[in-house]
$ cat query-v9.txt   # compact mmCIF, C-alpha atoms
# COMPACT_ATOMS: atom_id res chain seq x y z
CA ASP A 1 17.47 11.72 -46.43
CA THR A 2 19.76 9.11 -44.94
CA GLY A 3 22.17 8.63 -47.81
CA VAL A 4 22.56 6.22 -50.70
CA SER A 5 20.63 2.99 -50.24
CA GLN A 6 21.01 -0.30 -52.08
CA ASP A 7 18.78 -3.31 -52.24
CA PRO A 8 19.25 -6.15 -51.62
CA ARG A 9 22.27 -6.10 -49.33
CA HIS A 10 23.04 -9.73 -50.12
CA LYS A 11 22.09 -11.93 -53.04
CA ILE A 12 22.90 -15.60 -53.52
CA THR A 13 22.06 -17.04 -56.89
CA LYS A 14 22.83 -20.04 -59.03
CA ARG A 15 24.99 -19.78 -62.10
CA GLY A 16 22.96 -18.90 -65.16
CA GLN A 17 20.27 -16.94 -63.31
CA ASN A 18 19.61 -13.24 -63.85
CA VAL A 19 19.90 -10.77 -60.98
CA THR A 20 18.88 -7.14 -60.60
CA PHE A 21 20.12 -4.69 -58.00
CA ARG A 22 18.61 -1.36 -57.08
CA CYS A 23 20.25 1.86 -55.97
CA ASP A 24 18.47 4.91 -54.54
CA PRO A 25 20.77 7.93 -54.58
CA ILE A 26 20.64 10.97 -52.34
CA SER A 27 17.57 12.78 -53.58
CA GLU A 28 19.08 15.95 -55.04
CA HIS A 29 22.04 14.16 -56.64
CA ASN A 30 21.94 14.02 -60.41
CA ARG A 31 24.97 11.79 -60.96
CA LEU A 32 24.87 8.10 -60.14
CA TYR A 33 27.76 5.64 -60.43
CA TRP A 34 28.09 1.86 -60.29
CA TYR A 35 31.32 0.20 -59.17
CA ARG A 36 32.30 -3.41 -58.55
CA GLN A 37 34.65 -4.49 -55.78
CA THR A 38 36.17 -7.97 -55.60
CA LEU A 39 38.05 -9.35 -52.64
CA GLY A 40 41.35 -7.61 -52.05
CA GLN A 41 40.78 -5.02 -54.73
CA GLY A 42 39.64 -1.45 -54.87
CA PRO A 43 36.32 -0.52 -56.44
CA GLU A 44 36.31 -0.72 -60.22
CA PHE A 45 34.13 1.67 -62.20
CA LEU A 46 31.35 0.13 -64.32
CA THR A 47 29.04 2.88 -65.55
CA TYR A 48 27.48 6.20 -64.61
CA PHE A 49 24.47 8.41 -65.27
CA GLN A 50 23.68 12.06 -65.29
CA ASN A 51 19.97 12.23 -64.64
CA GLU A 52 18.57 9.53 -66.92
CA ALA A 53 21.39 9.67 -69.48
CA GLN A 54 24.02 6.95 -69.32
CA LEU A 55 27.27 8.81 -69.96
CA GLU A 56 29.71 5.94 -69.96
CA LYS A 57 29.07 2.25 -70.37
CA SER A 58 32.17 0.96 -72.09
CA ARG A 59 33.50 -0.25 -68.74
CA LEU A 60 30.62 -2.64 -68.18
CA LEU A 61 32.30 -6.00 -67.92
CA SER A 62 30.41 -7.74 -70.68
CA ASP A 63 27.16 -7.50 -72.60
CA ARG A 64 25.55 -9.49 -69.79
CA PHE A 65 25.70 -6.33 -67.68
CA SER A 66 23.24 -3.49 -68.18
CA ALA A 67 22.09 -0.52 -66.15
CA GLU A 68 19.17 1.86 -66.28
CA ARG A 69 18.03 5.01 -64.58
CA PRO A 70 14.69 5.56 -66.27
CA LYS A 71 13.42 8.62 -64.42
CA GLY A 72 16.69 10.05 -63.30
CA SER A 73 16.17 8.92 -59.72
CA PHE A 74 16.81 5.29 -58.72
CA SER A 75 18.94 3.00 -60.89
CA THR A 76 19.05 -0.73 -61.52
CA LEU A 77 21.98 -2.91 -62.49
CA GLU A 78 21.15 -6.21 -64.12
CA ILE A 79 23.45 -9.15 -64.71
CA GLN A 80 22.12 -11.80 -67.04
CA ARG A 81 23.26 -15.43 -67.07
CA THR A 82 25.40 -14.96 -63.99
CA GLU A 83 28.79 -16.66 -63.74
CA GLN A 84 30.84 -17.51 -60.67
CA GLY A 85 33.27 -14.73 -61.63
CA ASP A 86 30.49 -12.20 -61.12
CA SER A 87 30.63 -12.80 -57.37
CA ALA A 88 31.59 -9.43 -55.89
CA MET A 89 30.33 -6.42 -54.01
CA TYR A 90 28.42 -4.01 -56.25
CA LEU A 91 28.61 -0.43 -55.04
CA CYS A 92 26.52 2.54 -56.00
CA ALA A 93 27.50 6.17 -55.44
CA SER A 94 25.88 9.50 -56.16
CA SER A 95 27.03 13.09 -56.43
CA LEU A 96 25.93 16.51 -57.53
CA ARG A 97 27.15 17.63 -60.90
CA GLY A 98 29.05 20.85 -60.75
CA GLY A 99 32.40 22.44 -61.21
CA GLY A 100 35.28 21.38 -59.04
CA HIS A 101 35.13 18.72 -56.39
CA ASN A 102 31.83 17.01 -55.80
CA GLU A 103 31.96 14.21 -53.28
CA GLN A 104 30.72 10.81 -54.33
CA PHE A 105 28.66 9.30 -51.54
CA PHE A 106 28.68 5.52 -51.49
CA GLY A 107 25.95 3.12 -50.54
CA PRO A 108 26.57 0.01 -48.41
CA GLY A 109 26.75 -2.24 -51.47
CA THR A 110 25.08 -5.42 -52.63
CA ARG A 111 27.13 -8.54 -52.10
CA LEU A 112 26.51 -11.07 -54.86
CA THR A 113 27.44 -14.73 -54.49
CA VAL A 114 27.06 -16.94 -57.55
CA LEU A 115 27.07 -20.65 -56.76
CA GLY U 1 46.83 5.38 -68.55
CA GLU U 2 45.07 5.02 -65.24
CA ASP U 3 46.85 3.16 -62.49
CA VAL U 4 46.94 3.75 -58.76
CA GLU U 5 49.34 1.76 -56.59
CA GLN U 6 49.40 1.33 -52.83
CA SER U 7 51.22 -0.91 -50.41
CA LEU U 8 48.83 -3.55 -49.13
CA PHE U 9 49.48 -3.63 -45.38
CA LEU U 10 50.60 -1.33 -42.58
CA SER U 11 50.79 -2.10 -38.89
CA VAL U 12 51.34 0.59 -36.24
CA ARG U 13 51.11 0.92 -32.48
CA GLU U 14 48.33 2.95 -30.93
CA GLY U 15 49.44 6.55 -30.47
CA ASP U 16 52.04 6.43 -33.24
CA SER U 17 51.64 8.14 -36.61
CA SER U 18 50.61 6.15 -39.67
CA VAL U 19 51.74 7.05 -43.15
CA ILE U 20 49.99 5.45 -46.10
CA ASN U 21 51.52 5.99 -49.51
CA CYS U 22 50.08 5.98 -53.01
CA THR U 23 51.45 6.52 -56.50
CA TYR U 24 49.43 7.31 -59.57
CA THR U 25 50.33 7.48 -63.22
CA ASP U 26 47.98 9.95 -64.86
CA SER U 27 49.35 13.48 -64.72
CA SER U 28 45.95 14.90 -65.69
CA SER U 29 44.47 13.94 -62.32
CA THR U 30 42.66 16.93 -60.90
CA TYR U 31 41.59 15.65 -57.50
CA LEU U 32 43.06 12.92 -55.35
CA TYR U 33 41.14 11.29 -52.56
CA TRP U 34 41.50 9.12 -49.51
CA TYR U 35 38.60 6.83 -48.65
CA LYS U 36 38.21 4.60 -45.60
CA GLN U 37 36.41 1.26 -45.62
CA GLU U 38 35.58 -0.55 -42.41
CA PRO U 39 34.36 -4.16 -42.36
CA GLY U 40 30.73 -4.37 -43.41
CA ALA U 41 30.53 -0.64 -44.04
CA GLY U 42 30.52 1.50 -47.14
CA LEU U 43 33.31 3.72 -48.39
CA GLN U 44 33.70 6.93 -46.44
CA LEU U 45 35.50 9.94 -47.86
CA LEU U 46 38.21 11.04 -45.43
CA THR U 47 39.80 13.90 -47.31
CA TYR U 48 40.80 15.08 -50.75
CA ILE U 49 43.34 17.41 -52.31
CA PHE U 50 43.26 19.46 -55.48
CA SER U 51 46.18 18.86 -57.78
CA ASN U 52 47.52 22.41 -57.51
CA MET U 53 48.04 22.00 -53.76
CA ASP U 54 50.92 20.21 -52.10
CA MET U 55 49.54 19.83 -48.61
CA LYS U 56 46.24 19.73 -46.81
CA GLN U 57 45.66 19.30 -43.09
CA ASP U 58 42.40 18.29 -41.47
CA GLN U 59 42.57 17.56 -37.74
CA ARG U 60 44.62 14.35 -37.37
CA LEU U 61 44.95 13.90 -41.12
CA THR U 62 47.67 15.39 -43.31
CA VAL U 63 47.74 14.83 -47.05
CA LEU U 64 50.95 15.47 -48.99
CA LEU U 65 51.01 15.60 -52.77
CA ASN U 66 54.17 15.48 -54.86
CA LYS U 67 52.85 16.09 -58.33
CA LYS U 68 56.26 15.77 -59.99
CA ASP U 69 56.68 12.24 -58.63
CA LYS U 70 52.93 11.50 -58.77
CA HIS U 71 53.05 10.52 -55.11
CA LEU U 72 50.31 11.01 -52.54
CA SER U 73 50.48 10.23 -48.84
CA LEU U 74 48.08 10.23 -45.91
CA ARG U 75 49.45 10.74 -42.42
CA ILE U 76 47.24 9.91 -39.47
CA ALA U 77 48.55 11.42 -36.24
CA ASP U 78 47.98 9.69 -32.89
CA THR U 79 46.57 6.58 -34.53
CA GLN U 80 43.74 4.93 -32.61
CA THR U 81 42.34 1.39 -32.75
CA GLY U 82 39.26 2.86 -34.41
CA ASP U 83 41.46 3.84 -37.35
CA SER U 84 41.93 0.16 -38.24
CA ALA U 85 40.41 -0.17 -41.71
CA ILE U 86 41.31 -0.33 -45.39
CA TYR U 87 42.37 3.00 -46.87
CA PHE U 88 41.94 3.62 -50.59
CA CYS U 89 43.68 6.23 -52.65
CA ALA U 90 41.66 7.40 -55.67
CA GLU U 91 42.05 9.87 -58.48
CA VAL U 92 39.68 11.74 -60.74
CA LEU U 93 40.70 12.73 -64.21
CA SER U 94 39.94 16.02 -65.97
CA SER U 95 36.77 17.34 -64.32
CA GLY U 96 35.78 16.63 -60.75
CA ASN U 97 32.77 14.58 -61.69
CA THR U 98 34.19 11.73 -63.68
CA PRO U 99 34.45 8.29 -62.13
CA LEU U 100 37.00 7.54 -59.48
CA VAL U 101 40.00 5.31 -60.17
CA PHE U 102 40.93 3.45 -57.00
CA GLY U 103 44.04 1.73 -55.76
CA LYS U 104 43.83 -1.74 -54.21
CA GLY U 105 43.78 -0.34 -50.69
CA THR U 106 46.10 -0.44 -47.70
CA ARG U 107 44.96 -2.43 -44.69
CA LEU U 108 45.91 -0.53 -41.55
CA SER U 109 46.14 -2.54 -38.35
CA VAL U 110 46.51 -0.63 -35.10
CA ILE U 111 48.01 -2.56 -32.22
CA ALA U 112 46.93 -1.52 -28.73

$ encode --input "query-v9.txt" --output "structure tokens"
Amino acid sequence: DTGVSQDPRHKITKRGQNVTFRCDPISEHNRLYWYRQTLGQGPEFLTYFQNEAQLEKSRLLSDRFSAERPKGSFSTLEIQRTEQGDSAMYLCASSLRGGGHNEQFFGPGTRLTVL
Amino acid sequence: GEDVEQSLFLSVREGDSSVINCTYTDSSSTYLYWYKQEPGAGLQLLTYIFSNMDMKQDQRLTVLLNKKDKHLSLRIADTQTGDSAIYFCAEVLSSGNTPLVFGKGTRLSVIA
């Protein structure tokens, strides 16, 4: 296993279009996180899953954002009716659930540009 | 509330020590982290410290935690040009598996 992978790495879309990003976590990791990073800022938490259950989604930026992890493995993040303000890097991370510290491993991100 | 603050830029000469500072507001933080981000690359965990510790050393890296002042620092000894990157401070609340809260990052520039 080579780590967390994300697809695509870059996405350019026109305003109003829908986009979907995929994240494949490290295979034995049961927690999966989505973050958004805009220029000059640190990553901002969006949502996370334990297996297929979405544990927190109140931080999703609007109802245009949704995420799924149907079989507890890969996850998708969808943005409907994209706006120019959605342009950012979308990062996925995974970790093992357990007591104490469990490192979150980050993928390379998907850079979204909305024209 | 959750808030992590860092200075935005730091410039040092190669071979000198770098000290990157961070303050956080939530006293219930259990773990505090330092991540490194290089251009075009993902976030890489450098080191972390549990909130009941005040220091942790890992090769060239030294983390100091002042829980009373909610202040965290990362010292990089013998800074190299390869250390040029953005360094993020992050905290985790309550358990160790909740989402990370990041600062805005400190851009470290190492001058040869």

$ residues_around --input "query-v9.txt" --residues "A:Trp34" --least-positions-apart "3" --cutoff "12 Å" --atoms "only C-alpha atoms" --output "ChimeraX atom specification"
/A:4,6,21-25,31,37,43-49,54-57,59-61,65-69,74-78,89-95,104-107,109-110 /U:99-100

$ interface_residues --input "query-v9.txt" --of "chain U" --to "chain A" --cutoff "12 Å" --atoms "all atoms listed in the file" --output "PyMOL selection string"
chain U and resi 2-6+8-9+30-51+86-107

$ residues_near_point --input "query-v9.txt" --point "(50.5, 11.7, -48.6)" --cutoff "12 Å" --atoms "only C-alpha atoms" --output "PyMOL selection string"
chain U and resi 6+18-24+32-34+47-49+53-57+61-67+69-76+88-89

$ atom_distance --input "query-v9.txt" --atom1 "atom CA of A:Ile79" --atom2 "atom CA of A:Asn18"
5.7 Å

$ closest_residue --input "query-v9.txt" --among "A:Pro70, A:Gly16, A:Pro8, A:Gly3" --to "A:His29" --atoms "only C-alpha atoms"
A:Gly3

$ residues_around --input "query-v9.txt" --residues "stretch 83-86 of chain A" --least-positions-apart "3" --cutoff "7 Å" --atoms "only C-alpha atoms" --output "list in words"
Arg15, Gly16, Val114 and Leu115 of chain A

$ write_last_selection --input "query-v9.txt" --atoms "C-alpha atoms" --output "PDB file, in the coordinates of the input"
ATOM      1  CA  ARG A  15      24.990 -19.780 -62.100  1.00  0.00           C
ATOM      2  CA  GLY A  16      22.960 -18.900 -65.160  1.00  0.00           C
ATOM      3  CA  VAL A 114      27.060 -16.940 -57.550  1.00  0.00           C
ATOM      4  CA  LEU A 115      27.070 -20.650 -56.760  1.00  0.00           C
TER       5      LEU A 115
END

$ atom_distance --input "query-v9.txt" --atom1 "atom CA of A:Thr20" --atom2 "atom CA of A:Thr2"
22.6 Å

$ closest_residue --input "query-v9.txt" --among "U:Thr81, U:Ser109, U:Gln59, U:Asn52" --to "U:Leu10" --atoms "only C-alpha atoms"
U:Ser109

$ residues_around --input "query-v9.txt" --residues "A:Lys11" --least-positions-apart "2" --cutoff "7 Å" --atoms "only C-alpha atoms" --output "list in words"
Pro8, Arg9, Thr13, Arg111, Leu112 and Thr113 of chain A

$ residues_around --input "query-v9.txt" --residues "U:Thr79" --least-positions-apart "5" --cutoff "8 Å" --atoms "all atoms listed in the file" --output "list in words"
Val12, Arg13, Glu14, Gly15, Asp16, Ser17, Ser18 and Val110 of chain U

$ write_last_selection --input "query-v9.txt" --atoms "C-alpha atoms" --output "mmCIF file, keeping the file's coordinate frame"
data_model
loop_
_atom_site.group_PDB
_atom_site.id
_atom_site.type_symbol
_atom_site.label_atom_id
_atom_site.label_comp_id
_atom_site.auth_asym_id
_atom_site.auth_seq_id
_atom_site.Cartn_x
_atom_site.Cartn_y
_atom_site.Cartn_z
ATOM 1 C CA VAL U 12 51.340 0.590 -36.240
ATOM 2 C CA ARG U 13 51.110 0.920 -32.480
ATOM 3 C CA GLU U 14 48.330 2.950 -30.930
ATOM 4 C CA GLY U 15 49.440 6.550 -30.470
ATOM 5 C CA ASP U 16 52.040 6.430 -33.240
ATOM 6 C CA SER U 17 51.640 8.140 -36.610
ATOM 7 C CA SER U 18 50.610 6.150 -39.670
ATOM 8 C CA VAL U 110 46.510 -0.630 -35.100
#

$ closest_residue --input "query-v9.txt" --among "A:Ser5, A:Ser58, A:Asp63, A:Arg36" --to "A:Arg81" --atoms "only C-alpha atoms"
A:Asp63

$ closest_residue --input "query-v9.txt" --among "U:Arg60, U:Lys68, U:Ala112, U:Asp26" --to "U:Ser84" --atoms "all atoms listed in the file"
U:Ala112

$ atom_distance --input "query-v9.txt" --atom1 "atom CA of A:Ile26" --atom2 "atom CA of A:Thr82"
28.8 Å

$ build_atoms --input "query-v9.txt" --residues "stretch 33-54 of chain U" --atoms "N, CA and C atoms" --output "CSV table (one decimal), keeping the file's coordinate frame"
chain,number,residue,atom,x,y,z
U,33,TYR,N,42.0,11.6,-53.7
U,33,TYR,CA,41.1,11.3,-52.6
U,33,TYR,C,41.7,10.2,-51.7
U,34,TRP,N,41.3,10.2,-50.4
U,34,TRP,CA,41.5,9.1,-49.5
U,34,TRP,C,40.2,8.7,-49.0
U,35,TYR,N,39.8,7.4,-49.2
U,35,TYR,CA,38.6,6.8,-48.6
U,35,TYR,C,39.0,5.8,-47.6
U,36,LYS,N,38.1,5.6,-46.7
U,36,LYS,CA,38.2,4.6,-45.6
U,36,LYS,C,37.1,3.6,-45.7
U,37,GLN,N,37.4,2.3,-45.6
U,37,GLN,CA,36.4,1.3,-45.6
U,37,GLN,C,36.6,0.4,-44.4
U,38,GLU,N,35.6,0.3,-43.6
U,38,GLU,CA,35.6,-0.6,-42.4
U,38,GLU,C,34.8,-1.8,-42.7
U,39,PRO,N,35.1,-2.9,-42.1
U,39,PRO,CA,34.4,-4.2,-42.4
U,39,PRO,C,32.8,-4.0,-42.3
U,40,GLY,N,32.2,-4.4,-43.4
U,40,GLY,CA,30.7,-4.4,-43.4
U,40,GLY,C,30.2,-3.0,-43.6
U,41,ALA,N,31.0,-2.0,-43.9
U,41,ALA,CA,30.5,-0.6,-44.0
U,41,ALA,C,30.9,-0.1,-45.4
U,42,GLY,N,30.2,0.9,-45.8
U,42,GLY,CA,30.5,1.5,-47.1
U,42,GLY,C,31.8,2.3,-47.1
U,43,LEU,N,32.1,2.9,-48.3
U,43,LEU,CA,33.3,3.7,-48.4
U,43,LEU,C,33.0,5.1,-47.8
U,44,GLN,N,33.9,5.6,-47.1
U,44,GLN,CA,33.7,6.9,-46.4
U,44,GLN,C,34.8,7.8,-46.9
U,45,LEU,N,34.5,9.0,-47.5
U,45,LEU,CA,35.5,9.9,-47.9
U,45,LEU,C,36.1,10.6,-46.6
U,46,LEU,N,37.5,10.4,-46.6
U,46,LEU,CA,38.2,11.0,-45.4
U,46,LEU,C,38.6,12.5,-45.8
U,47,THR,N,39.3,12.6,-46.9
U,47,THR,CA,39.8,13.9,-47.3
U,47,THR,C,40.2,13.9,-48.8
U,48,TYR,N,40.4,15.0,-49.4
U,48,TYR,CA,40.8,15.1,-50.8
U,48,TYR,C,41.7,16.3,-50.9
U,49,ILE,N,42.4,16.3,-52.0
U,49,ILE,CA,43.3,17.4,-52.3
U,49,ILE,C,43.3,17.7,-53.8
U,50,PHE,N,43.2,19.0,-54.1
U,50,PHE,CA,43.3,19.5,-55.5
U,50,PHE,C,44.7,19.4,-56.0
U,51,SER,N,44.8,19.1,-57.2
U,51,SER,CA,46.2,18.9,-57.8
U,51,SER,C,47.1,20.1,-57.8
U,52,ASN,N,46.6,21.3,-57.5
U,52,ASN,CA,47.5,22.4,-57.5
U,52,ASN,C,48.0,22.7,-56.1
U,53,MET,N,47.6,21.9,-55.1
U,53,MET,CA,48.0,22.0,-53.8
U,53,MET,C,49.1,21.0,-53.5
U,54,ASP,N,50.0,21.2,-52.5
U,54,ASP,CA,50.9,20.2,-52.1
U,54,ASP,C,50.7,19.7,-50.7
